[in-house]
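Here's the structure we're looking at; comments come further down.
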Amino acid sequence: MDVDGGSTSSVRVEVESIPALSRRSKAIYQFTQQSLPACKPVLTPAWVITTFFLMGVIFIPVGLFSLHASQSVVEIVDRYDTECIPEPLKSDKVSYIKDSSIPKNCSRFLKVHKHMKAPIYIYYELDNYYQNHRRYVKSRSDQQLLHGLKYNGTSSCRPEESNNGLPIVPCGLIAWSLFNDTFTFSRGTEELRVSRKNIAWKSDRDHKFGKQVYPFNFQNGSLIGGGKLDQNIPLSDQEDLIVWMRTAALPSFRKLYGRIEEDLDVDDVVVVKLLNNYNTYSFGGKKKLVLSTSSWLGGKNDFLGMAYISVGSSSIFISFVFMLLHVKNPGPFGDTTCLSWNRKGISS
């Protein structure tokens, strides 16, 4: 009896599973044949015209708000690489920048033409600088930045992997070419408060650069690339390096240097004392200093607003064209005689 009862229950389970299998097979068949229940909107002329018109009504105001936000940003841009070379040495800029015996001090005077509300962001801008070059981008070791000398697999850092038989921390061409121009700002006799903290992404500081990793054997070779690092400060606190290591996608880019924590009034003159150390003359690069406020949308960039306005205007224009065509040549919905191949058959 026990055996018969067990076999009867197993047969019952198999019989009950057959409808489930058939339903699953049917669903798979419907899916592969694209015959599942679905919403298939019918694009009538009224729907198409209304959709394009609503797109324009939405996009144009968004574009105007974005454009207004961008134009409310106040920027001062000053190119200093050509101006911060002594007149007798302008014919040989490369020799000037490579000669460490020549002082690189320079003063620039920036006039404020519109009130600038704090915080005022300080950027350095480089042009014709290809940080996106494949070999340059790969010349780093993320594991070494996080673990320091504990990690030895730094072959990707070549040619700046080691020096005099000792590893370099941080290794690679990106760190080796660290930007090293420096700036101080004053207004009259008063030095402006500049904050250099929190200029890098928090995720980079907390998760990509080790808190117990210190520079080692850095810029000790015969060929010095850029700035040096304080060997007593961990990499997670050297925010200039962290900002520089986040490579740019385009040959013209800006990187954050700091923030001025005071308002600047109209007609104020900001005196910038800088050290013109960084060599961009060897490859025809440009260096600029940028002071900029921000809006709810970020920095100054008219492209987003213009793009919204262009798309919105085009949508409204297309909706009017479709409406005129529909009014001029109305036709019953679903009339197959209006198809091109049917019209040819009728005319013949």
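Identifiers in the structure tokens: chain A, B, ... in order shown; residue index from 1 per chain; ligand index from 1 in order shown.
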Please report as a Markdown table every residue of region 26-101 of chain A lying within 6 Å of region 319-323 of chain A, along with the nearest atom pair and their distance in Å (one decimal), using only C-alpha atoms.
| residue | atom | partner | partner_atom | distance |
| --- | --- | --- | --- | --- |
| A:Ile49 | CA | A:Ser319 | CA | 4.7 |
| A:Phe52 | CA | A:Ser319 | CA | 5.4 |
| A:Phe53 | CA | A:Ser319 | CA | 5.6 |
Put those residues in a file: N, CA and C atoms, as a PDB file, in the first residue's frame.
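Written file, result_10.pdb:
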ATOM      1  N   ILE A  49       1.612  65.391 -34.100  1.00  0.00           N
ATOM      2  CA  ILE A  49       1.706  66.857 -34.039  1.00  0.00           C
ATOM      3  C   ILE A  49       1.719  67.330 -32.589  1.00  0.00           C
ATOM      4  N   PHE A  52       5.193  66.488 -30.822  1.00  0.00           N
ATOM      5  CA  PHE A  52       6.273  67.409 -31.198  1.00  0.00           C
ATOM      6  C   PHE A  52       6.052  68.789 -30.597  1.00  0.00           C
ATOM      7  N   PHE A  53       4.800  69.238 -30.585  1.00  0.00           N
ATOM      8  CA  PHE A  53       4.510  70.568 -30.030  1.00  0.00           C
ATOM      9  C   PHE A  53       4.800  70.612 -28.526  1.00  0.00           C
TER      10      PHE A  53
END
Legend entry - Exercise: His68 (chain A) partners within 9 Å, only C-alpha atoms, chain neighbours under 5 positions left out, as a PyMOL selection string: chain A and resi 63+73+302+305
Output of the above residues as a compact mmCIF listing (two decimals), in the first residue's frame, restricted to N, CA, C and O atoms:
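Result file follows (again23.txt):
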# COMPACT_ATOMS: atom_id res chain seq x y z
N GLY A 63 15.62 75.26 -21.75
CA GLY A 63 16.81 75.84 -22.37
C GLY A 63 17.04 77.27 -21.96
O GLY A 63 18.18 77.68 -21.72
N VAL A 73 26.88 83.31 -14.56
CA VAL A 73 28.20 82.99 -14.02
C VAL A 73 29.21 84.05 -14.48
O VAL A 73 29.26 84.40 -15.66
N ASP A 302 27.26 77.44 -22.16
CA ASP A 302 26.04 77.79 -22.89
C ASP A 302 25.51 76.63 -23.74
O ASP A 302 24.39 76.71 -24.26
N GLY A 305 22.00 74.90 -22.68
CA GLY A 305 20.83 75.75 -22.93
C GLY A 305 20.54 75.89 -24.41
O GLY A 305 19.38 75.80 -24.85
Legend entry - Residues near region 119-134 of chain A, cut-off 8 Å, only C-alpha atoms, skip fewer than 6 positions along chain, as a PyMOL selection string: chain A and resi 247-263+283-294
Inset, instruction - Write out as number ranges by chain each polymer residue whose atoms come within 9 Å of Pro103 (chain A), counting only C-alpha atoms; drop sequence neighbours fewer than 3 positions from it. - result: A: 99-100, 106, 275-276
Inset, instruction - Give the answer as one residue: which of A:Gln30, A:Val269, A:Thr189, A:Pro170 has the shortest atom-to-atom distance to Asp230 (chain A), using only C-alpha atoms? - result: A:Pro170
Legend entry - Exercise: region 92-98 of chain A partners within 12 Å, only C-alpha atoms, chain neighbours under 5 positions left out, as a ChimeraX atom specification: /A:81-87,103-105,181,223-226,275-285
Inset, instruction - List every residue of region 132-331 of chain A that DSSP, applied to the backbone, labels as helix (DSSP H, G or I), and write the result as a PyMOL selection string. - result: chain A and resi 134-138+142-150+155-157+173-176+202-207+235-237+239-245+281-283+303-328
Legend entry - Residues of region 257-316 of chain A in strand (DSSP E or B), written as a VMD selection string: chain A and resid 257 to 260 264 269 to 275 286 to 292 295 298
Legend entry - All residues 10 Å or closer to Glu191 (chain A), only C-alpha atoms, same chain fewer than 5 positions away omitted, as an NGL selection string: :A and (184-186 or 270-271)
How would the residues just picked look written out with N, CA, C and O atoms as an mmCIF file, in the first residue's frame?
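What ended up in part-v8.cif:
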data_model
loop_
_atom_site.group_PDB
_atom_site.id
_atom_site.type_symbol
_atom_site.label_atom_id
_atom_site.label_comp_id
_atom_site.auth_asym_id
_atom_site.auth_seq_id
_atom_site.Cartn_x
_atom_site.Cartn_y
_atom_site.Cartn_z
ATOM 1 N N THR A 184 49.233 83.126 -5.561
ATOM 2 C CA THR A 184 48.739 83.801 -4.359
ATOM 3 C C THR A 184 47.942 85.014 -4.823
ATOM 4 O O THR A 184 48.270 85.637 -5.849
ATOM 5 N N PHE A 185 46.905 85.358 -4.058
ATOM 6 C CA PHE A 185 45.963 86.394 -4.476
ATOM 7 C C PHE A 185 45.841 87.456 -3.391
ATOM 8 O O PHE A 185 45.786 87.136 -2.190
ATOM 9 N N SER A 186 45.789 88.715 -3.819
ATOM 10 C CA SER A 186 45.613 89.822 -2.879
ATOM 11 C C SER A 186 44.768 90.906 -3.535
ATOM 12 O O SER A 186 44.688 90.995 -4.769
ATOM 13 N N VAL A 270 42.468 92.370 -8.549
ATOM 14 C CA VAL A 270 43.086 91.225 -7.882
ATOM 15 C C VAL A 270 44.519 91.090 -8.387
ATOM 16 O O VAL A 270 44.753 90.968 -9.597
ATOM 17 N N VAL A 271 45.455 91.137 -7.460
ATOM 18 C CA VAL A 271 46.866 90.976 -7.802
ATOM 19 C C VAL A 271 47.231 89.503 -7.617
ATOM 20 O O VAL A 271 47.073 88.947 -6.529
#
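Excluding region 306-312 of chain A itself and same-chain residues fewer than 2 positions from it, the residues having an atom within 10 Å of it are A:Phe52, A:Phe53, A:Leu54, A:Met55, A:Gly56, A:Val57, A:Ile58, A:Phe59, A:Ile60, A:Pro61, A:Val62, A:Gly63, A:Leu64, A:Phe65, A:Ser66, A:Leu67, A:Asn301, A:Asp302, A:Phe303, A:Leu304, A:Ser314, A:Ser315, A:Ile316, A:Phe317, A:Ile318, counting only C-alpha atoms.
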